[in-house]
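Novice: You'll find upload27.tsv just under this line, and it carries TSV, C-alpha atoms and all ligand atoms.
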```tsv
chain	number	residue	atom	x	y	z
B	1	MET	CA	0.00	0.00	0.00
B	2	VAL	CA	1.27	3.46	-0.90
B	3	ARG	CA	1.63	5.74	2.13
B	4	ARG	CA	0.39	9.20	1.45
B	5	PRO	CA	2.39	12.14	2.75
B	6	ALA	CA	1.25	13.07	6.26
B	7	LEU	CA	0.23	16.56	5.17
B	8	LEU	CA	-2.41	15.22	2.82
B	9	ASN	CA	-3.99	13.20	5.55
B	10	GLY	CA	-5.76	16.25	6.98
B	11	PRO	CA	-6.70	16.64	10.62
B	12	ALA	CA	-6.59	13.58	12.85
B	13	ARG	CA	-9.78	11.60	12.87
B	14	PRO	CA	-11.13	9.91	15.99
B	15	PRO	CA	-9.51	6.51	16.39
B	16	GLY	CA	-11.57	3.64	15.04
B	17	PRO	CA	-13.34	1.22	17.36
B	18	ALA	CA	-10.63	-1.41	17.12
B	19	ALA	CA	-7.89	1.07	18.04
B	20	LEU	CA	-9.90	2.32	21.00
B	21	GLN	CA	-10.56	-1.15	22.30
B	22	ARG	CA	-6.86	-1.97	22.01
B	23	ARG	CA	-6.07	0.94	24.31
B	24	PHE	CA	-8.08	-0.49	27.19
B	25	THR	CA	-6.75	-4.00	27.56
B	26	SER	CA	-6.25	-3.80	31.34
B	27	PRO	CA	-8.32	-6.35	33.28
B	28	LEU	CA	-9.39	-3.44	35.48
B	29	HIS	CA	-11.57	-2.33	32.57
B	30	GLY	CA	-12.83	-5.85	32.09
B	31	GLU	CA	-16.14	-7.56	32.58
B	32	ARG	CA	-15.20	-9.35	35.81
B	33	THR	CA	-14.12	-6.15	37.55
B	34	ALA	CA	-17.22	-4.32	36.37
B	35	SER	CA	-19.46	-7.20	37.46
B	36	TRP	CA	-18.12	-7.46	41.01
B	37	LEU	CA	-18.40	-3.72	41.50
B	38	GLY	CA	-21.87	-3.80	39.97
B	39	ILE	CA	-23.02	-6.50	42.37
B	40	TRP	CA	-21.69	-4.50	45.32
B	41	LEU	CA	-23.34	-1.29	44.12
B	42	GLY	CA	-26.59	-3.13	43.41
B	43	ALA	CA	-26.68	-4.35	47.02
B	44	ALA	CA	-25.70	-0.93	48.41
B	45	PHE	CA	-28.24	1.05	46.38
B	46	THR	CA	-31.02	-1.46	47.03
B	47	THR	CA	-30.37	-1.13	50.77
B	48	ALA	CA	-30.35	2.65	50.44
B	49	PHE	CA	-33.59	2.56	48.45
B	50	VAL	CA	-35.45	0.39	50.96
B	51	THR	CA	-34.18	2.23	54.05
B	52	GLY	CA	-34.84	5.54	52.29
B	53	LEU	CA	-38.45	4.58	51.63
B	54	ILE	CA	-38.83	3.58	55.28
B	55	SER	CA	-37.58	6.99	56.31
B	56	HIS	CA	-39.80	8.77	53.80
B	57	PHE	CA	-42.97	6.94	54.80
B	58	MET	CA	-42.27	7.37	58.50
B	59	GLN	CA	-42.24	11.11	57.86
B	60	HIS	CA	-45.08	11.07	55.33
B	61	PRO	CA	-47.50	8.33	56.43
B	62	PRO	CA	-49.41	6.93	53.45
B	63	GLY	CA	-52.74	7.25	55.28
B	64	TRP	CA	-53.75	3.60	55.31
B	65	ALA	CA	-51.12	2.46	57.81
B	66	ASP	CA	-49.17	3.85	60.75
B	67	TRP	CA	-45.61	2.89	61.55
B	68	PRO	CA	-45.33	0.91	64.75
B	69	PRO	CA	-43.50	2.51	67.67
B	70	ARG	CA	-41.51	-0.68	68.24
B	71	PRO	CA	-38.82	-1.90	67.99
B	72	ALA	CA	-37.80	1.37	69.63
B	73	GLY	CA	-34.37	1.53	67.98
B	74	LEU	CA	-35.40	0.39	64.50
B	75	TYR	CA	-35.12	3.77	62.79
B	76	ARG	CA	-31.69	4.26	64.27
B	77	VAL	CA	-30.57	1.08	62.47
B	78	THR	CA	-32.32	1.65	59.13
B	79	GLN	CA	-31.17	5.25	58.84
B	80	GLY	CA	-27.66	4.39	60.01
B	81	LEU	CA	-27.53	1.79	57.22
B	82	HIS	CA	-28.86	4.32	54.74
B	83	VAL	CA	-26.27	6.97	55.46
B	84	ILE	CA	-23.21	4.86	56.36
B	85	GLY	CA	-23.92	2.37	53.54
B	86	GLY	CA	-24.39	5.28	51.13
B	87	LEU	CA	-21.07	6.84	52.14
B	88	ALA	CA	-19.30	3.49	51.86
B	89	ALA	CA	-20.67	3.17	48.31
B	90	VAL	CA	-18.63	6.17	47.13
B	91	PRO	CA	-15.37	4.23	46.52
B	92	PRO	CA	-17.00	1.37	44.55
B	93	LEU	CA	-19.09	3.87	42.59
B	94	LEU	CA	-16.02	5.85	41.51
B	95	ALA	CA	-14.15	2.60	40.79
B	96	LYS	CA	-17.02	1.30	38.68
B	97	LEU	CA	-17.25	4.50	36.64
B	98	TRP	CA	-13.52	4.36	36.00
B	99	THR	CA	-13.73	0.67	35.08
B	100	VAL	CA	-16.42	1.18	32.45
B	101	TYR	CA	-15.56	4.64	31.10
B	102	PRO	CA	-14.00	3.20	27.89
B	103	GLU	CA	-17.59	2.31	26.93
B	104	LEU	CA	-18.25	6.04	26.78
B	105	LEU	CA	-15.63	6.45	24.05
B	106	ARG	CA	-16.83	3.65	21.81
B	107	TRP	CA	-17.29	4.64	18.21
B	108	PRO	CA	-19.79	5.23	16.70
B	109	PRO	CA	-21.63	6.59	19.75
B	110	VAL	CA	-24.93	5.15	18.63
B	111	ARG	CA	-25.21	1.97	16.62
B	112	SER	CA	-28.96	1.34	16.62
B	113	ALA	CA	-32.21	2.43	18.23
B	114	GLY	CA	-31.78	-0.28	20.85
B	115	HIS	CA	-28.25	0.87	21.55
B	116	ALA	CA	-29.44	4.47	21.90
B	117	LEU	CA	-31.98	3.33	24.47
B	118	THR	CA	-29.36	1.39	26.41
B	119	ARG	CA	-27.09	4.42	26.46
B	120	ALA	CA	-29.94	6.66	27.66
B	121	LEU	CA	-30.61	4.19	30.46
B	122	THR	CA	-26.95	4.07	31.38
B	123	PHE	CA	-26.99	7.85	31.52
B	124	ALA	CA	-29.98	7.77	33.89
B	125	LEU	CA	-28.20	5.16	35.99
B	126	VAL	CA	-24.93	7.06	36.26
B	127	ALA	CA	-26.53	10.48	36.69
B	128	GLY	CA	-29.01	9.13	39.25
B	129	ALA	CA	-26.33	7.36	41.30
B	130	LEU	CA	-24.03	10.41	41.30
B	131	PHE	CA	-26.92	12.73	42.15
B	132	GLN	CA	-28.06	10.60	45.10
B	133	VAL	CA	-24.59	10.18	46.55
B	134	LEU	CA	-23.60	13.82	46.02
B	135	THR	CA	-26.80	15.37	47.42
B	136	GLY	CA	-26.73	12.90	50.31
B	137	VAL	CA	-23.17	13.84	51.24
B	138	LEU	CA	-23.91	17.57	50.91
B	139	ASN	CA	-27.02	17.18	53.05
B	140	ILE	CA	-25.23	15.54	55.95
B	141	ALA	CA	-22.56	18.24	55.64
B	142	TYR	CA	-25.32	20.92	55.97
B	143	TRP	CA	-24.24	22.49	52.72
B	144	TYR	CA	-27.06	23.40	50.35
B	145	PRO	CA	-25.54	24.86	47.19
B	146	PHE	CA	-28.45	23.55	45.11
B	147	PRO	CA	-31.71	25.38	44.42
B	148	PHE	CA	-34.09	22.49	45.20
B	149	PHE	CA	-35.41	21.05	48.45
B	150	PHE	CA	-33.16	18.11	49.27
B	151	PRO	CA	-35.71	15.55	50.61
B	152	THR	CA	-38.04	15.96	47.62
B	153	ALA	CA	-35.28	15.73	45.00
B	154	HIS	CA	-33.54	12.84	46.76
B	155	TYR	CA	-36.84	10.98	47.12
B	156	TRP	CA	-38.00	11.27	43.50
B	157	THR	CA	-34.59	10.60	42.01
B	158	SER	CA	-34.51	7.34	43.96
B	159	TYR	CA	-37.34	5.98	41.77
B	160	VAL	CA	-35.52	6.97	38.57
B	161	LEU	CA	-32.39	5.29	39.89
B	162	ALA	CA	-34.22	2.17	41.07
B	163	GLY	CA	-35.91	1.81	37.67
B	164	ALA	CA	-32.68	2.30	35.73
B	165	MET	CA	-30.93	-0.14	38.08
B	166	LEU	CA	-33.57	-2.80	37.52
B	167	VAL	CA	-33.33	-2.58	33.73
B	168	HIS	CA	-29.54	-2.48	33.92
B	169	LEU	CA	-29.55	-5.59	36.12
B	170	ALA	CA	-31.79	-7.48	33.69
B	171	HIS	CA	-29.55	-6.42	30.83
B	172	GLN	CA	-26.23	-7.27	32.50
B	173	TRP	CA	-27.40	-10.33	34.41
B	174	PRO	CA	-25.67	-12.86	32.12
B	175	LYS	CA	-22.29	-11.14	32.65
B	176	ALA	CA	-22.70	-10.89	36.40
B	177	ARG	CA	-23.78	-14.51	36.55
B	178	ARG	CA	-20.79	-15.60	34.50
B	179	THR	CA	-18.49	-13.69	36.81
B	180	VAL	CA	-19.91	-15.20	39.98
B	181	MET	CA	-20.24	-18.73	38.60
B	182	THR	CA	-16.85	-19.20	36.89
B	183	ARG	CA	-13.33	-19.03	38.21
B	184	PRO	CA	-11.01	-16.70	36.26
B	185	ARG	CA	-9.00	-19.58	34.77
B	186	ASP	CA	-12.13	-21.52	33.75
B	187	ALA	CA	-13.59	-18.47	32.02
B	188	VAL	CA	-13.74	-18.32	28.23
B	189	PRO	CA	-11.22	-17.05	27.31
B	190	ALA	CA	-9.28	-17.93	30.46
B	191	GLU	CA	-7.87	-14.95	32.35
B	192	PRO	CA	-4.05	-14.81	32.61
B	193	PRO	CA	-2.93	-15.19	36.26
B	194	ALA	CA	-1.31	-11.73	36.23
B	195	ASP	CA	-4.67	-10.20	35.32
B	196	THR	CA	-6.38	-12.04	38.16
B	197	THR	CA	-3.80	-10.66	40.59
B	198	ALA	CA	-4.20	-7.11	39.28
B	199	ARG	CA	-7.99	-7.27	39.43
B	200	ARG	CA	-7.98	-8.68	42.97
B	201	ALA	CA	-5.56	-6.01	44.14
B	202	PHE	CA	-7.79	-3.33	42.64
B	203	LEU	CA	-10.94	-4.69	44.26
B	204	ALA	CA	-9.09	-5.10	47.58
B	205	THR	CA	-8.07	-1.43	47.42
B	206	VAL	CA	-11.64	-0.33	46.76
B	207	THR	CA	-12.84	-2.51	49.65
B	208	ALA	CA	-10.20	-1.02	51.95
B	209	ALA	CA	-11.29	2.49	50.95
B	210	ALA	CA	-14.93	1.66	51.67
B	211	GLY	CA	-13.86	0.10	54.97
B	212	ALA	CA	-11.99	3.28	55.90
B	213	VAL	CA	-15.06	5.40	55.14
B	214	THR	CA	-17.20	3.10	57.27
B	215	LEU	CA	-14.76	3.07	60.19
B	216	THR	CA	-14.48	6.85	60.26
B	217	THR	CA	-18.23	7.53	60.06
B	218	ALA	CA	-20.09	4.59	61.65
B	219	GLY	CA	-19.30	5.91	65.14
B	220	GLU	CA	-21.87	8.68	64.60
B	221	THR	CA	-24.53	6.09	65.33
B	222	PHE	CA	-22.60	3.02	66.53
B	223	THR	CA	-21.27	4.40	69.80
B	224	PRO	CA	-18.39	1.92	70.38
B	225	LEU	CA	-16.72	3.43	67.27
B	226	ALA	CA	-17.49	7.03	68.29
B	227	ARG	CA	-13.82	7.94	68.81
B	228	LEU	CA	-12.99	6.94	65.23
B	229	ALA	CA	-15.80	8.96	63.67
B	230	VAL	CA	-13.52	11.75	62.46
B	231	LEU	CA	-15.41	12.11	59.15
B	232	ALA	CA	-18.84	12.23	60.76
B	233	PRO	CA	-20.53	15.65	60.91
B	234	ARG	CA	-22.06	14.83	64.33
B	235	ARG	CA	-20.77	12.59	67.08
B	236	PRO	CA	-22.69	11.18	70.02
B	237	GLY	CA	-21.39	12.78	73.18
B	238	ASN	CA	-20.61	16.14	71.51
B	239	GLY	CA	-22.93	18.96	72.52
B	240	PRO	CA	-24.74	20.19	75.58
B	241	GLN	CA	-25.67	17.34	77.93
B	242	ARG	CA	-23.51	15.04	75.75
B	243	LEU	CA	-26.07	15.13	72.92
B	244	PRO	CA	-25.57	16.65	69.46
B	245	VAL	CA	-27.81	19.53	68.38
B	246	ASN	CA	-29.03	20.29	64.88
B	247	LYS	CA	-30.90	23.48	65.59
B	248	SER	CA	-30.08	25.49	68.66
B	249	ALA	CA	-32.56	27.58	70.65
B	250	VAL	CA	-30.93	30.74	69.28
B	251	ALA	CA	-31.14	29.51	65.66
B	252	ALA	CA	-34.80	28.61	66.19
B	253	GLY	CA	-35.52	32.03	67.72
B	254	VAL	CA	-37.10	30.62	70.86
B	255	THR	CA	-34.76	31.75	73.65
B	256	ALA	CA	-37.13	34.37	75.11
B	257	ALA	CA	-40.34	32.38	74.66
B	258	ALA	CA	-38.80	29.26	76.21
B	259	ARG	CA	-37.82	31.21	79.34
B	260	ASP	CA	-41.10	33.10	79.65
B	261	PRO	CA	-42.89	32.21	82.95
B	262	ARG	CA	-46.19	32.58	81.11
B	263	TRP	CA	-45.33	29.46	79.07
B	264	ARG	CA	-48.19	26.93	79.09
B	265	LEU	CA	-48.57	23.56	77.46
B	266	THR	CA	-52.05	23.63	75.95
B	267	VAL	CA	-54.11	20.76	74.58
B	268	THR	CA	-56.65	21.99	72.10
B	269	GLY	CA	-58.55	20.98	68.96
B	270	ASP	CA	-60.96	18.06	68.94
B	271	VAL	CA	-61.00	17.54	72.71
B	272	ASP	CA	-63.60	17.39	75.48
B	273	HIS	CA	-62.12	20.38	77.21
B	274	GLU	CA	-58.99	22.39	76.59
B	275	VAL	CA	-56.19	22.10	79.07
B	276	ALA	CA	-53.35	24.52	79.86
B	277	LEU	CA	-50.53	23.27	82.05
B	278	THR	CA	-47.62	25.11	83.63
B	279	LEU	CA	-44.23	23.48	83.95
B	280	ALA	CA	-45.03	22.98	87.65
B	281	ASP	CA	-48.24	21.16	86.63
B	282	LEU	CA	-46.17	18.84	84.43
B	283	HIS	CA	-43.76	18.18	87.30
B	284	ALA	CA	-46.73	17.32	89.54
B	285	MET	CA	-47.88	14.58	87.16
B	286	PRO	CA	-46.50	11.02	87.34
B	287	ALA	CA	-42.92	11.12	86.00
B	288	HIS	CA	-41.49	8.45	83.73
B	289	ARG	CA	-38.13	7.58	82.29
B	290	ALA	CA	-37.31	6.30	78.81
B	291	ARG	CA	-33.95	5.31	77.38
B	292	LEU	CA	-34.33	6.35	73.73
B	293	PRO	CA	-32.12	7.56	70.89
B	294	ILE	CA	-32.44	10.72	68.87
B	295	ALA	CA	-31.96	9.22	65.43
B	296	CYS	CA	-31.48	11.97	62.90
B	297	VAL	CA	-32.30	11.43	59.23
B	298	GLU	CA	-28.71	12.49	58.60
B	299	GLY	CA	-27.53	9.19	60.06
B	300	TRP	CA	-26.22	10.21	63.47
B	301	SER	CA	-27.93	9.00	66.57
B	302	ALA	CA	-27.39	9.37	70.28
B	303	GLU	CA	-29.07	7.58	73.13
B	304	ALA	CA	-30.12	9.30	76.32
B	305	THR	CA	-32.27	8.74	79.36
B	306	TRP	CA	-35.17	11.13	79.14
B	307	HIS	CA	-37.61	11.96	81.91
B	308	GLY	CA	-40.94	13.69	81.83
B	309	VAL	CA	-44.62	12.88	81.49
B	310	ARG	CA	-46.23	10.40	79.15
B	311	LEU	CA	-47.82	12.07	76.15
B	312	ARG	CA	-50.91	9.88	76.62
B	313	ASP	CA	-51.36	11.09	80.21
B	314	VAL	CA	-51.43	14.70	79.04
B	315	LEU	CA	-53.74	13.95	76.11
B	316	ARG	CA	-56.15	12.04	78.32
B	317	LEU	CA	-56.41	14.99	80.72
B	318	ALA	CA	-58.19	16.76	77.87
B	319	GLY	CA	-60.34	13.76	76.94
B	320	THR	CA	-58.59	13.01	73.65
B	321	PRO	CA	-60.33	10.26	71.61
B	322	ASP	CA	-58.20	7.10	71.40
B	323	ASP	CA	-58.00	7.12	67.60
B	324	ALA	CA	-57.13	10.80	67.18
B	325	ARG	CA	-54.00	12.13	65.52
B	326	VAL	CA	-52.15	14.84	67.32
B	327	ARG	CA	-50.09	17.71	65.98
B	328	VAL	CA	-47.27	18.69	68.30
B	329	GLU	CA	-46.39	22.35	67.88
B	330	SER	CA	-43.22	24.16	68.83
B	331	LEU	CA	-42.64	27.69	70.09
B	332	GLU	CA	-40.41	28.04	67.04
B	333	PRO	CA	-42.13	30.69	64.91
B	334	ALA	CA	-41.24	29.24	61.49
B	335	GLY	CA	-39.38	26.41	59.85
B	336	PRO	CA	-40.28	23.06	58.32
B	337	TYR	CA	-39.73	21.13	61.55
B	338	ARG	CA	-41.69	23.27	63.99
B	339	THR	CA	-44.53	20.71	64.11
B	340	SER	CA	-44.88	16.96	63.83
B	341	LEU	CA	-47.78	14.53	63.68
B	342	VAL	CA	-48.19	11.77	66.23
B	343	ALA	CA	-50.40	8.82	65.23
B	344	PRO	CA	-52.32	6.80	67.85
B	345	PRO	CA	-49.87	3.85	68.07
B	346	HIS	CA	-47.13	6.30	68.97
B	347	TRP	CA	-49.01	8.42	71.49
B	348	HIS	CA	-50.41	5.35	73.23
B	349	ASP	CA	-46.91	3.98	73.71
B	350	PRO	CA	-45.70	4.27	77.32
B	351	LEU	CA	-42.23	5.28	76.09
B	352	THR	CA	-43.54	8.37	74.29
B	353	LEU	CA	-42.79	11.29	76.58
B	354	LEU	CA	-43.02	15.00	76.79
B	355	ALA	CA	-39.60	15.20	78.37
B	356	TYR	CA	-38.53	18.06	80.62
B	357	GLY	CA	-35.21	16.46	81.49
B	358	VAL	CA	-32.41	14.33	80.10
B	359	ASN	CA	-29.65	12.27	81.73
B	360	GLY	CA	-30.83	13.35	85.18
B	361	ALA	CA	-30.80	17.12	84.54
B	362	PRO	CA	-33.40	19.66	83.34
B	363	LEU	CA	-33.46	19.99	79.54
B	364	HIS	CA	-30.86	22.35	78.11
B	365	PRO	CA	-32.48	25.13	76.02
B	366	ASP	CA	-30.92	23.61	72.87
B	367	HIS	CA	-32.61	20.28	73.57
B	368	GLY	CA	-36.07	21.77	73.87
B	369	HIS	CA	-36.69	23.37	77.27
B	370	PRO	CA	-39.42	23.67	78.63
B	371	CYS	CA	-40.37	20.31	77.09
B	372	ARG	CA	-39.80	18.24	74.00
B	373	LEU	CA	-41.30	15.21	72.36
B	374	ILE	CA	-39.30	11.99	72.52
B	375	ALA	CA	-40.80	8.79	71.12
B	376	PRO	CA	-39.54	5.35	70.08
B	377	ASN	CA	-38.85	4.36	66.45
B	378	ARG	CA	-39.20	7.84	65.05
B	379	PRO	CA	-36.91	10.10	63.01
B	380	GLY	CA	-35.17	12.95	64.86
B	381	VAL	CA	-36.96	15.58	62.76
B	382	MET	CA	-40.20	14.43	64.37
B	383	GLN	CA	-38.89	14.71	67.94
B	384	THR	CA	-40.21	18.25	68.24
B	385	LYS	CA	-38.42	20.59	70.62
B	386	TRP	CA	-39.78	23.59	72.60
B	387	VAL	CA	-43.30	22.16	72.59
B	388	HIS	CA	-46.12	24.48	73.65
B	389	ARG	CA	-49.27	23.14	72.02
B	390	LEU	CA	-50.88	19.80	71.26
B	391	VAL	CA	-53.59	20.04	68.63
B	392	VAL	CA	-55.92	17.05	68.54
B	393	LEU	CA	-57.10	16.55	64.97
B	394	PRO	CA	-60.64	15.44	64.16
X	401	LIG	N1	-38.92	22.74	66.90
X	401	LIG	C1	-37.95	21.99	66.35
X	401	LIG	N2	-37.72	20.75	66.81
X	401	LIG	C2	-36.74	19.98	66.28
X	401	LIG	C3	-35.95	20.46	65.21
X	401	LIG	C4	-36.21	21.77	64.72
X	401	LIG	O1	-35.56	22.26	63.78
X	401	LIG	N3	-37.21	22.49	65.32
X	401	LIG	N4	-34.95	19.65	64.68
X	401	LIG	C5	-35.17	18.22	64.81
X	401	LIG	C6	-34.06	17.41	64.38
X	401	LIG	S1	-33.69	17.43	62.73
X	401	LIG	C7	-33.39	16.57	65.23
X	401	LIG	S2	-32.26	15.47	64.66
X	401	LIG	C8	-33.63	16.62	66.69
X	401	LIG	C9	-32.34	16.81	67.41
X	401	LIG	O2	-32.56	16.90	68.79
X	401	LIG	P1	-31.42	17.44	69.75
X	401	LIG	O3	-30.97	18.76	69.18
X	401	LIG	O4	-32.01	17.55	71.12
X	401	LIG	O5	-30.32	16.41	69.72
X	401	LIG	O6	-34.51	17.65	67.05
X	401	LIG	C10	-35.63	17.80	66.20
X	401	LIG	N5	-36.54	18.74	66.76
X	402	MO	MO	-32.44	15.61	62.31
```
Starting from the file, give its structure as structure tokens.
Specialist:
Amino acid sequence: MVRRPALLNGPARPPGPAALQRRFTSPLHGERTASWLGIWLGAAFTTAFVTGLISHFMQHPPGWADWPPRPAGLYRVTQGLHVIGGLAAVPPLLAKLWTVYPELLRWPPVRSAGHALTRALTFALVAGALFQVLTGVLNIAYWYPFPFFFPTAHYWTSYVLAGAMLVHLAHQWPKARRTVMTRPRDAVPAEPPADTTARRAFLATVTAAAGAVTLTTAGETFTPLARLAVLAPRRPGNGPQRLPVNKSAVAAGVTAAARDPRWRLTVTGDVDHEVALTLADLHAMPAHRARLPIACVEGWSAEATWHGVRLRDVLRLAGTPDDARVRVESLEPAGPYRTSLVAPPHWHDPLTLLAYGVNGAPLHPDHGHPCRLIAPNRPGVMQTKWVHRLVVLP
């Protein structure tokens, strides 16, 4: 073949498909690596999806069912899994994207209508996974550089991601199956031993990175590891009365109202007769203790011994119907978490308190003085602080 002078060749054209494929011969870009990472991510994102739905429907009851108040520590576990598992998924997610990125460069970009659809789905999968992980990390870091409301966006994107994941799984199942069912040297074609070593070292590194993330964050909810939780935004034991605080009394604008001697706890709405209680009235009622965690949606949790009156004792003073829902209202003048709904199973529970003290001392203003709601198996955002009114709904 006659070689033409270089000048006549014109500008460089994109390399052909064969050339591109030859560039990425490392086993780290291979099917086995991608499959193992995919299986890991599938398990991690499925766990995050399920625990995320639990959290969502605890906060937004579907209407036909109420979440049970027991086991008391359940939400602490599901939300811990959601956040810690999500953080630990960052290394395998980055590794997986790096493993498969040569696919992005394949030429031509679209080969058929079916291929276009597959690529669109892959885009949804990658974009959805990155969006969930990134917004989740920003949320627990209390950094909101985005213009949307985090819970809504995170919730709806989870369905897009779950759908894309399901289709992807169906599509890639044969590869994943092959990877799990065959040993590298029995595979067709057999994998050279050096490639097996390289791949295993790569996967071990990713696992170590995920392990490091877990070890340095899990202590925010798993107290024995608290000292290692250097990457956790909140640590049990840090804060007034050894409990973390998300919103302080100053930030909530309640300092004056919470100290005001005219403070009353009122029970109103669909009741026999309204009741207004002073703090002294609350202290005169039978006192109870409950060892319960604050389990924040952001993954941290901290257990404490609360004391105060049972919510059901207060509600019954006003003749509240047994099947009524109750809105607990805070002194906080504004903000999305100034009220929370309590369904009958929760307010009937003997562990559900209006606490005026914690760990043997009166409540610190930041923890909700004069009194706060504390109930079992319930997200922290629904443990309303600085309570001043209970509205019984019809
Ligand atoms: N009125 C009111 N109550 C509130 C909040 C709030 O912003 N306003 N934050 C909630 C959140 S998100 C959590 S995690 C818990 C934290 O309780 P703590 O500060 O006593 O640890 O309080 C909850 N109660
Ligand atoms: Mo929270």
Novice: Can you tell me how far atom CA of B:Met165 sits from atom CA of B:Leu125, in Å to one decimal?
Specialist: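 Atom CA of B:Leu125 lies 6.3 Å from atom CA of B:Met165.
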Novice: Residues within 12 Å of B:Pro244, please, as a compact mmCIF listing (two decimals) with C-alpha atoms, in the frame of the given file. Count all atoms listed in the file; anything in the same chain fewer than 4 positions from it doesn't count.
Specialist:
```
# COMPACT_ATOMS: atom_id res chain seq x y z
CA GLU B 220 -21.87 8.68 64.60
CA THR B 221 -24.53 6.09 65.33
CA ALA B 232 -18.84 12.23 60.76
CA PRO B 233 -20.53 15.65 60.91
CA ARG B 234 -22.06 14.83 64.33
CA ARG B 235 -20.77 12.59 67.08
CA PRO B 236 -22.69 11.18 70.02
CA GLY B 237 -21.39 12.78 73.18
CA ASN B 238 -20.61 16.14 71.51
CA GLY B 239 -22.93 18.96 72.52
CA PRO B 240 -24.74 20.19 75.58
CA SER B 248 -30.08 25.49 68.66
CA PRO B 293 -32.12 7.56 70.89
CA ILE B 294 -32.44 10.72 68.87
CA ALA B 295 -31.96 9.22 65.43
CA CYS B 296 -31.48 11.97 62.90
CA TRP B 300 -26.22 10.21 63.47
CA SER B 301 -27.93 9.00 66.57
CA ALA B 302 -27.39 9.37 70.28
CA GLU B 303 -29.07 7.58 73.13
CA ALA B 304 -30.12 9.30 76.32
CA HIS B 364 -30.86 22.35 78.11
CA ASP B 366 -30.92 23.61 72.87
CA HIS B 367 -32.61 20.28 73.57
CA GLY B 380 -35.17 12.95 64.86
```
Novice: Would you pick out the contacts of B:Arg177 at 10 Å or less, using only C-alpha atoms, so that residues sharing its chain but fewer than 4 positions from it are not included, and give the list as a PyMOL selection string?
Specialist: chain B and resi 35+39+172-173+181-182
Novice: For ligand LIG 401 (chain X), which of B:Thr255, B:Asn377, B:Gln79, B:Ser330 is the closest residue, counting all atoms listed in the file?
Specialist: B:Ser330
Novice: Rank B:His273, B:Arg76, B:Arg327, B:Arg310 by their smallest atom-to-atom distance to B:Ala290, using only C-alpha atoms, and report the top residue only.
Specialist: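 Ranking B:His273, B:Arg76, B:Arg327, B:Arg310 by distance to B:Ala290, first place goes to B:Arg310.
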Novice: Enter the distance from atom CA of B:Val342 to atom CA of B:Val328, in Å, rounded to one decimal.
Specialist: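 Separation of atom CA of B:Val342 and atom CA of B:Val328: 7.3 Å.
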Novice: What is the atom CA of B:Ala43 to atom CA of B:Leu134 distance in Å?
Specialist: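 Between atom CA of B:Ala43 and atom CA of B:Leu134 the gap is 18.5 Å.
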Novice: Around (-35.3, 33.3, 62.3) in the file's own coordinates, what residues are found within 8 Å if you use only C-alpha atoms, given back as a PyMOL selection string?
Specialist: chain B and resi 251-253+333-334
Novice: Which residues come within 7 Å of stretch 203-214 of chain B, counting all atoms listed in the file, excluding same-chain residues fewer than 2 positions away, as a list in words?
Specialist: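 Skipping anything fewer than 2 positions along the chain leaves Ile84, Leu87, Ala88, Ala89, Pro91, Pro92, Arg199, Arg200, Ala201, Thr216, Thr217 and Ala218 of chain B.
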Novice: Using all atoms listed in the file, which of B:Gly357, B:Pro336, B:Pro27, B:Pro345 sits nearest ligand MO 402 (chain X)?
Specialist: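 Distance minimum relative to ligand MO 402 (chain X) lands on B:Pro336.
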Novice: Can you pull out every residue with an atom within 6 Å of ligand LIG 401 (chain X)? Use all atoms listed in the file and format it as a PDB file with C-alpha atoms, keeping the file's coordinate frame.
Specialist:
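Written out: out10.pdb:
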```pdb
ATOM      1  CA  LEU B 243     -26.070  15.130  72.920  1.00  0.00           C
ATOM      2  CA  PRO B 244     -25.570  16.650  69.460  1.00  0.00           C
ATOM      3  CA  VAL B 245     -27.810  19.530  68.380  1.00  0.00           C
ATOM      4  CA  ASN B 246     -29.030  20.290  64.880  1.00  0.00           C
ATOM      5  CA  LYS B 247     -30.900  23.480  65.590  1.00  0.00           C
ATOM      6  CA  CYS B 296     -31.480  11.970  62.900  1.00  0.00           C
ATOM      7  CA  SER B 330     -43.220  24.160  68.830  1.00  0.00           C
ATOM      8  CA  GLU B 332     -40.410  28.040  67.040  1.00  0.00           C
ATOM      9  CA  TYR B 337     -39.730  21.130  61.550  1.00  0.00           C
ATOM     10  CA  ARG B 338     -41.690  23.270  63.990  1.00  0.00           C
ATOM     11  CA  HIS B 367     -32.610  20.280  73.570  1.00  0.00           C
ATOM     12  CA  GLY B 380     -35.170  12.950  64.860  1.00  0.00           C
ATOM     13  CA  VAL B 381     -36.960  15.580  62.760  1.00  0.00           C
ATOM     14  CA  MET B 382     -40.200  14.430  64.370  1.00  0.00           C
ATOM     15  CA  GLN B 383     -38.890  14.710  67.940  1.00  0.00           C
ATOM     16  CA  THR B 384     -40.210  18.250  68.240  1.00  0.00           C
ATOM     17  CA  LYS B 385     -38.420  20.590  70.620  1.00  0.00           C
ATOM     18  CA  TRP B 386     -39.780  23.590  72.600  1.00  0.00           C
TER      19      TRP B 386
END
```
